[in-house]
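Notes for the one structure printed next.
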Amino acid sequence: MLNYESIYFDRNDYRLVELFNDIISRKEDQTRFRNLLSPYLKPHGIKELAAPYGIRVAYAAFNLLESLKSEGVDDRLKALTALRNEVLASSKTSMRNNRARVLIQIAKEIIRARGDEQKQLRLAHNFRSTSFGKSSFIREQLKKYHLLEMPEEWNQLTFDDRVHDANSKGRKSASHLIMDAWIKGIRSLRVVYYDFVTPEIATELYSAAAILGIDVEFGIEFRAVMYGRYVKLIWNPKNILDQKDLDDFFSREKVIEIMANGRKAQEFRAKYIRKVADRFNQVHRKSIEKEIGVQLPEISYEEMLTSIKSRTPALTHLGKYIHETAMPYFERHAQELADRYHRADSDEKRRIEKQFDSINLLDPDTITARYLSPEANPELENPDVPAYSKDRPEFLNPAPAQLAEILNEAYPSSAITMILEDIEIEDAVELVYDGQGLITHFELINLKNISENSLLSREAFNEFQDALNSGNVIVLKRIIRDCVERVSASGGEDRSRVEKLLNIQKDIDELKNAYKHRKIKTRIGSGSTGGSLRAIGMGFAVAETLPLKAQQEIVNVPDRKCLPISANIAQRLEYTAQSKRSEPACSAPSRIGDIPFRIKSLPLLRDIFLNSKKKWKIISYSIDSGCCGNISPLGGISQHSGNGFQLEKAGSSSGTKPDYMYVNSTIKNIIKIIIGFIPAFLTFYLTKDWWVLASFGGLIWFSITGVRNIIQSVLGGGGLKRSPYLAWNDFVNWNRISDSLLYTGFSVPLLDWLCKSVVLDRMFGINATTDPTLLYTIMALTNGIYISSHNLWRELPKAAAAGNLFRSVISIPIAIAFSGTVGLLLRILGVTGIDGIIQQWAAVISKLASDCAAGFLEGLADRRENIRARSWDYDEKVRQVLDFFSEMEIRHPNADLLHLMNHPEEFIQRCRTKNCSDASILMANALDLLYLRMFQPRSEEALQQAITRMSPDEKIIFKFSQQILREMKSVSHIIVDGLVGNNFSRPLSFYLRRHEDYLKELDRLIPAGKTM
């Protein structure tokens, strides 16, 4: 029997799965990890001593995925913040954002795959492989999860103007929805609710969006009566940027009145949901039993409300609840069918297959459409039809123009979107005319409620929109005249409607002038509710703003829907000069001092001396029938709809054999080294006469490469001055070394045999005797081209490939110097036949020179990368310290906080007196910074750079905030109380041994000076 533990997967893969499952099953003490979500503990800080990286990501992801069952909004927002920080801070590649997106997606998949150990192990291995940051693997995972690669500048045009969370008809909390939007790469989002929204929901939405840097707005969909049917408008309050704006909006008297009326409208619709639930119990349960042979229990409407925790229940919520209730019965019956299938004859197998397909198709979407829709329950009065809703609330009775006026009066800074679903162009003409400029947007596309035919019919609305925006009276007249003819020919409309359209045609100047100073803009939404297997997911992207690989994928991947709509876009480049934070905020204008910036701003110089940022803007939209536009959905239709039961392989995937990529990393690295060593050894063994080179040439070659990689990694991590808490092998990436040895093995026959012996010596007579300079030059360039080529083949950063070509040029004089030194030493020792010896060793000398140059150059690159990562850590942490100081200044307006922080015993005593948590937070921040300085590679240089960027006042705040570490008794107490978990001995020992050295270093970096 195959021993998976020894051949497949790594020990850390098993450990990661175990950690995830312990968190999911809550076997782990949850209080032990609660501090992992504290906003005052950052990644790469002291919480690394509380739990390994995997469990921190697992805990945060699990808290978000279980968001509807968690205790409150604060827990979800803390989990979202912690998850974002963990996946971004740990990146060591140029694909920081894309890597973080993949890590979160895989963490979600591991949690969902609970119970299938083989699948979880595969995902855990992929999680760890992604965390190493190899660009090619990250791109593979993006493709696997149907995620388009996004530019690392994060300036893509990606948006969705209509999505739903659990508080409308969706299935995710606001925090979960925002997280999924960020994984998709969405930068702008509008979340639509029905009839009303509460301040708590809006606060969570805006707070979550601020954490992930997404521009978010909420909209509320209302209904108005027009010609005996409902038309829909979305009210979108604008210019809400923070909590103060939200508080102002929800405190307005007319807004409060609208929300109260909206609750009544929602309660009216909820009665219908209850009736549908009752009818499912009475009728549809029996039809399911008759069709697939599964007897389901009656569902409880009250329990459904409790499970979804939504104030606005929808049919989709009911469908999901029925599905969750039914799944244990479906699974049991599917297993019974699978057991019978293997013993059945051919006729019985066909009957079982048909029944199995039926049970497999009953997913939430099918249940909702087949049993809960108005078409499936014609006996019930549909609240979406005004004629059947005689007892509807008054708020559902106004005309569209009247409703638009009410909404605009409540909050003048608003946008009102007309939903084009189920309306004709003549309806749009009347609505726009009656609205007198209050209609600001057309919802041109909602993928949830649009077919291919109706998508093309939107051309008429797009033409009407363009005519209004351009003031084109000729086109407006033609559109209205066509409407009059169409209404007259239908014969089904009242004559008064024809007269109204004729009046609009006469008053066309007023229609045009209503949009003289404002334009009707476009909304494009997916209508995504989250979790649907039969609908396209949320998000759209303008193709030109994505990386080239993503643009190619849009064209080549068949399951991405083609939309005949294009965005006309403009690009803007912003140039900014670098400025240190220590410079004065204000200075007198100086014409002389402005000259350097003006010189740098010249067209040929600004790209070199100034920071540039590319921004995109959508100017307008156009529908192009018959062809695909440049707007692509970010999601595709799932290829795995249904309940996922498999007749032939029911249950988990535990019986499947993992492929090579999941082989244990140690075994895989050994295989790579052996494969690389074989051509190296054979080349020396078959071509060299001297037994030393013949027997040990390959080993010498490999030793040069291996030692160079190790020295390079150690130097990149800090060299001889690295942290005393980090061993040399903490900096070494063994996967990277094995890859390097694999490819360096094939360079031996290339350089020593083909290049040096066959081409140069035999064909052109170039050797160490005739022309050593040309010999080492050609060998170095050949080696450089080979290394750069396999760097590009492995999809390493192009900068690394270019650097390796450059290193080969540098290695030429080094190789000549090494060769001359060896020759001189041999002459001193009286050795004969020196030229022949050097010729045999020429490839090794060239290799040694190349690796010496590489060790220096790539060590510098690793050093720069580590400093960049530490700078990110310090920027985040210093900003947090300064923000917290500002918060304390507000809470303690009469206190001299700088004096108190510089005398921490007084500060702690004051906090105890006032029963505040400021001292504990200050200690947590200081411990984080202490750990960051002492444990993380290249933190010393990054700290010095961070201090250099601070203003004089910020330096003093930063230094004084760290003085609380002098209070050993209080700091020790907070560590023992569980700041970093139950195992406090190591962090306590670390703090007691190192805090004095850290504070002395701060005294040296920030000398005593004047206070604020």
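So you can find residues: chains in the structure tokens are A, B, ... in the order shown, residues in each start at 1, and ligands are numbered from 1 in order.
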Neighbours of stretch 263-271 of chain A within 9 Å (only C-alpha atoms; same-chain residues fewer than 4 positions away dropped), as a VMD selection string?
chain A and resid 194 to 197 258 to 259 275 to 276 311 to 314 383 to 384 391 to 396
Counting only C-alpha atoms, which residues of stretch 389-488 of chain A sit at most 12 Å from some atom of stretch 160-164 of chain A, and what is each one's closest atom pair with its distance in Å to one decimal, listed by chain and rising residue number, as JSON lines?
```
{"residue": "A:Thr417", "atom": "CA", "partner": "A:Asp161", "partner_atom": "CA", "distance": 10.5}
{"residue": "A:Ile419", "atom": "CA", "partner": "A:Arg162", "partner_atom": "CA", "distance": 10.9}
{"residue": "A:His441", "atom": "CA", "partner": "A:Asp161", "partner_atom": "CA", "distance": 10.9}
{"residue": "A:Phe442", "atom": "CA", "partner": "A:Asp161", "partner_atom": "CA", "distance": 11.0}
{"residue": "A:Glu443", "atom": "CA", "partner": "A:Asp161", "partner_atom": "CA", "distance": 8.5}
{"residue": "A:Leu444", "atom": "CA", "partner": "A:Asp161", "partner_atom": "CA", "distance": 10.4}
{"residue": "A:Ile445", "atom": "CA", "partner": "A:Asp161", "partner_atom": "CA", "distance": 9.4}
{"residue": "A:Asn446", "atom": "CA", "partner": "A:Arg162", "partner_atom": "CA", "distance": 7.5}
{"residue": "A:Leu447", "atom": "CA", "partner": "A:Arg162", "partner_atom": "CA", "distance": 9.5}
{"residue": "A:Lys448", "atom": "CA", "partner": "A:Arg162", "partner_atom": "CA", "distance": 9.8}
{"residue": "A:Asn449", "atom": "CA", "partner": "A:Arg162", "partner_atom": "CA", "distance": 11.7}
```
Might you pull out every residue within 12 Å of A:Ser528, with only C-alpha atoms counted and same-chain residues fewer than 6 positions away left off, and present them as a VMD selection string?
chain A and resid 160 to 166 168 to 172 177 180 to 181 189 to 192 316 446 to 449 534 to 540 633 to 637
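Using only C-alpha atoms, the protein and nucleic acid residues lying no more than 9 Å from stretch 991-997 of chain A, apart from those fewer than 2 places from it along its own chain, are A:Leu927, A:Leu930, A:Tyr931, A:Met934, A:Leu965, A:Arg966, A:Met968, A:Val971, A:Ser972, A:Arg986, A:Pro987, A:Leu988, A:Ser989, A:Leu999, A:Lys1000, A:Glu1001, A:Leu1002.
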Mind listing the alpha helix (DSSP H) residues of stretch 268-312 of chain A, per DSSP on the backbone, as a ChimeraX atom specification?
/A:268-279,285-292,301-308
Skip stretch 75-87 of chain A itself and residues of its chain fewer than 6 positions away, then list as a PDB file with N, CA, C and O atoms, in the first residue's frame all residues within 7 Å of it, counting only C-alpha atoms.
```
ATOM      1  N   LEU A  37      -6.688  38.440  15.994  1.00  0.00           N
ATOM      2  CA  LEU A  37      -7.495  39.386  15.224  1.00  0.00           C
ATOM      3  C   LEU A  37      -7.372  40.809  15.748  1.00  0.00           C
ATOM      4  O   LEU A  37      -8.003  41.716  15.216  1.00  0.00           O
ATOM      5  N   SER A  38      -6.570  41.014  16.769  1.00  0.00           N
ATOM      6  CA  SER A  38      -6.411  42.359  17.317  1.00  0.00           C
ATOM      7  C   SER A  38      -5.796  43.276  16.266  1.00  0.00           C
ATOM      8  O   SER A  38      -4.773  42.946  15.665  1.00  0.00           O
ATOM      9  N   PRO A  39      -6.381  44.442  16.041  1.00  0.00           N
ATOM     10  CA  PRO A  39      -5.813  45.356  15.037  1.00  0.00           C
ATOM     11  C   PRO A  39      -4.472  45.937  15.458  1.00  0.00           C
ATOM     12  O   PRO A  39      -3.774  46.522  14.636  1.00  0.00           O
ATOM     13  N   PRO A  43       1.185  41.540  11.257  1.00  0.00           N
ATOM     14  CA  PRO A  43       2.015  40.437  10.790  1.00  0.00           C
ATOM     15  C   PRO A  43       3.493  40.776  10.936  1.00  0.00           C
ATOM     16  O   PRO A  43       3.883  41.940  10.928  1.00  0.00           O
ATOM     17  N   VAL A  57      -3.907  32.660   9.271  1.00  0.00           N
ATOM     18  CA  VAL A  57      -4.753  32.827   8.094  1.00  0.00           C
ATOM     19  C   VAL A  57      -6.034  32.010   8.242  1.00  0.00           C
ATOM     20  O   VAL A  57      -7.130  32.476   7.925  1.00  0.00           O
ATOM     21  N   ALA A  60      -8.522  33.714  10.723  1.00  0.00           N
ATOM     22  CA  ALA A  60      -9.160  34.896  10.165  1.00  0.00           C
ATOM     23  C   ALA A  60     -10.155  34.520   9.064  1.00  0.00           C
ATOM     24  O   ALA A  60     -11.270  35.039   9.015  1.00  0.00           O
ATOM     25  N   ALA A  61      -9.758  33.601   8.177  1.00  0.00           N
ATOM     26  CA  ALA A  61     -10.647  33.194   7.083  1.00  0.00           C
ATOM     27  C   ALA A  61     -11.893  32.508   7.609  1.00  0.00           C
ATOM     28  O   ALA A  61     -13.003  32.753   7.133  1.00  0.00           O
ATOM     29  N   ASN A  63     -13.338  32.899  10.503  1.00  0.00           N
ATOM     30  CA  ASN A  63     -14.232  33.881  11.117  1.00  0.00           C
ATOM     31  C   ASN A  63     -15.029  34.654  10.079  1.00  0.00           C
ATOM     32  O   ASN A  63     -16.164  35.054  10.335  1.00  0.00           O
ATOM     33  N   LEU A  64     -14.445  34.856   8.901  1.00  0.00           N
ATOM     34  CA  LEU A  64     -15.180  35.541   7.848  1.00  0.00           C
ATOM     35  C   LEU A  64     -16.182  34.617   7.173  1.00  0.00           C
ATOM     36  O   LEU A  64     -17.326  34.994   6.927  1.00  0.00           O
ATOM     37  N   SER A  67     -19.251  34.258   8.993  1.00  0.00           N
ATOM     38  CA  SER A  67     -19.597  35.608   9.440  1.00  0.00           C
ATOM     39  C   SER A  67     -21.047  35.747   9.881  1.00  0.00           C
ATOM     40  O   SER A  67     -21.351  36.486  10.804  1.00  0.00           O
ATOM     41  N   ALA A 100      -1.704  37.440  -2.722  1.00  0.00           N
ATOM     42  CA  ALA A 100      -2.625  37.535  -1.588  1.00  0.00           C
ATOM     43  C   ALA A 100      -4.018  37.070  -1.971  1.00  0.00           C
ATOM     44  O   ALA A 100      -4.709  36.396  -1.187  1.00  0.00           O
ATOM     45  N   LEU A 103      -3.979  33.257  -2.001  1.00  0.00           N
ATOM     46  CA  LEU A 103      -3.894  32.683  -0.655  1.00  0.00           C
ATOM     47  C   LEU A 103      -5.258  32.672   0.029  1.00  0.00           C
ATOM     48  O   LEU A 103      -5.641  31.673   0.655  1.00  0.00           O
ATOM     49  N   SER A 175     -18.972  42.063   4.978  1.00  0.00           N
ATOM     50  CA  SER A 175     -17.527  41.844   5.064  1.00  0.00           C
ATOM     51  C   SER A 175     -17.091  40.725   4.122  1.00  0.00           C
ATOM     52  O   SER A 175     -16.074  40.832   3.428  1.00  0.00           O
ATOM     53  N   ALA A 208     -15.622  47.677   5.908  1.00  0.00           N
ATOM     54  CA  ALA A 208     -14.947  46.575   5.221  1.00  0.00           C
ATOM     55  C   ALA A 208     -14.286  47.053   3.939  1.00  0.00           C
ATOM     56  O   ALA A 208     -13.158  46.661   3.615  1.00  0.00           O
ATOM     57  N   ILE A 211     -11.033  48.851   4.607  1.00  0.00           N
ATOM     58  CA  ILE A 211      -9.934  47.950   4.962  1.00  0.00           C
ATOM     59  C   ILE A 211      -9.219  47.444   3.712  1.00  0.00           C
ATOM     60  O   ILE A 211      -7.983  47.372   3.662  1.00  0.00           O
TER      61      ILE A 211
END
```
Within 10 Å of stretch 778-791 of chain A using only C-alpha atoms, minus same-chain residues under 4 positions, as a count of residues only:
40
Show me, as a Markdown table, the residues of stretch 950-978 of chain A having an atom within 8 Å of stretch 917-922 of chain A, each with the closest atom pair and its distance in Å, using only C-alpha atoms.
```
| residue | atom | partner | partner_atom | distance |
| --- | --- | --- | --- | --- |
| A:Ser961 | CA | A:Leu922 | CA | 6.8 |
| A:Gln962 | CA | A:Leu922 | CA | 7.9 |
| A:Ile964 | CA | A:Leu922 | CA | 7.3 |
| A:Ile974 | CA | A:Ser920 | CA | 7.3 |
```
Quick one: write out the picked residues with N, CA and C atoms as a PDB file, in the first residue's frame?
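Once written, part_21.pdb looks like this:
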```
ATOM      1  N   SER A 961       6.680  56.522  22.634  1.00  0.00           N
ATOM      2  CA  SER A 961       5.695  55.438  22.713  1.00  0.00           C
ATOM      3  C   SER A 961       6.358  54.111  23.058  1.00  0.00           C
ATOM      4  N   GLN A 962       7.662  53.998  22.794  1.00  0.00           N
ATOM      5  CA  GLN A 962       8.377  52.752  23.083  1.00  0.00           C
ATOM      6  C   GLN A 962       8.897  52.681  24.514  1.00  0.00           C
ATOM      7  N   ILE A 964       7.392  52.606  27.163  1.00  0.00           N
ATOM      8  CA  ILE A 964       6.573  51.787  28.061  1.00  0.00           C
ATOM      9  C   ILE A 964       7.196  50.408  28.260  1.00  0.00           C
ATOM     10  N   ILE A 974       1.096  41.561  30.905  1.00  0.00           N
ATOM     11  CA  ILE A 974       0.224  41.464  29.726  1.00  0.00           C
ATOM     12  C   ILE A 974       0.615  40.266  28.858  1.00  0.00           C
TER      13      ILE A 974
END
```
Residues near A:Ile322, cut-off 9 Å, only C-alpha atoms, skip fewer than 6 positions along chain, as a ChimeraX atom specification:
/A:299,304,364,367
Would you export the selected residues with N, CA, C and O atoms as a CSV table (one decimal), in the first residue's frame, please?
```csv
chain,number,residue,atom,x,y,z
A,299,ILE,N,-40.2,22.5,6.8
A,299,ILE,CA,-39.3,23.5,7.1
A,299,ILE,C,-40.0,24.5,8.0
A,299,ILE,O,-41.2,24.7,8.0
A,304,MET,N,-35.7,29.5,9.6
A,304,MET,CA,-35.1,30.1,8.4
A,304,MET,C,-34.6,31.5,8.7
A,304,MET,O,-33.5,31.9,8.4
A,364,PRO,N,-29.5,24.9,-4.6
A,364,PRO,CA,-30.4,26.0,-4.2
A,364,PRO,C,-31.1,26.8,-5.3
A,364,PRO,O,-32.3,27.2,-5.2
A,367,ILE,N,-34.0,24.6,-6.7
A,367,ILE,CA,-35.1,24.6,-5.7
A,367,ILE,C,-35.9,25.9,-5.8
A,367,ILE,O,-37.1,25.9,-5.8
```
Option closest in space to A:Ala895, from A:Arg458, A:Ser307, A:Val542, A:Arg910 [counting only C-alpha atoms]:
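Looking only at the distances to A:Ala895, the closest residue turns out to be A:Arg910.
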Looking at A:Ile569, A:Ala541, A:Leu362, A:Leu610, which one is nearest to A:Val294, with distances taken over only C-alpha atoms?
A:Leu362
As an exercise, work out the distance from atom CA of A:Ile439 to atom CA of A:Asn382 in Å and give it to one decimal place.
27.7 Å
Between atom CA of A:Ala58 and atom CA of A:Phe127, what is the spacing in Å?
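For atom CA of A:Phe127 relative to atom CA of A:Ala58, the distance reads 11.2 Å.
Those residues of stretch 234-397 of chain A that DSSP, working from the backbone, places in strand (DSSP E) are Ile234, Trp235, Asn236 and Pro237 of chain A.
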Could the residues in this selection be saved with N, CA, C and O atoms as a tab-separated table (two decimals), in the first residue's frame?
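Wrote it out as part15.tsv, contents follow:
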```tsv
chain	number	residue	atom	x	y	z
A	234	ILE	N	-33.40	52.78	-8.38
A	234	ILE	CA	-32.40	52.59	-7.32
A	234	ILE	C	-31.93	53.96	-6.84
A	234	ILE	O	-31.46	54.79	-7.63
A	235	TRP	N	-32.06	54.16	-5.55
A	235	TRP	CA	-31.63	55.41	-4.90
A	235	TRP	C	-30.21	55.21	-4.38
A	235	TRP	O	-29.96	54.31	-3.57
A	236	ASN	N	-29.29	56.04	-4.86
A	236	ASN	CA	-27.89	55.88	-4.51
A	236	ASN	C	-27.36	57.17	-3.88
A	236	ASN	O	-26.94	58.09	-4.58
A	237	PRO	N	-27.39	57.30	-2.55
A	237	PRO	CA	-26.84	58.50	-1.89
A	237	PRO	C	-25.35	58.65	-2.22
A	237	PRO	O	-24.58	57.69	-2.12
```
Nearest-residue call for A:Arg229, choices A:Ala387, A:Val473, A:Leu825, A:Val255, using only C-alpha atoms
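Looking only at the distances to A:Arg229, the closest residue turns out to be A:Ala387.
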Atom CA of A:Pro772 to atom CA of A:Leu860, distance in Å rounded to a single decimal
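Pair atom CA of A:Pro772 / atom CA of A:Leu860 returns 29.6 Å.
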Please determine, counting only C-alpha atoms, which residue among A:Val102, A:Val475, A:Cys628, A:Leu41 has the shortest atom-to-atom distance to A:Val881.
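Nearest candidate to A:Val881 out of A:Val102, A:Val475, A:Cys628, A:Leu41: A:Leu41.
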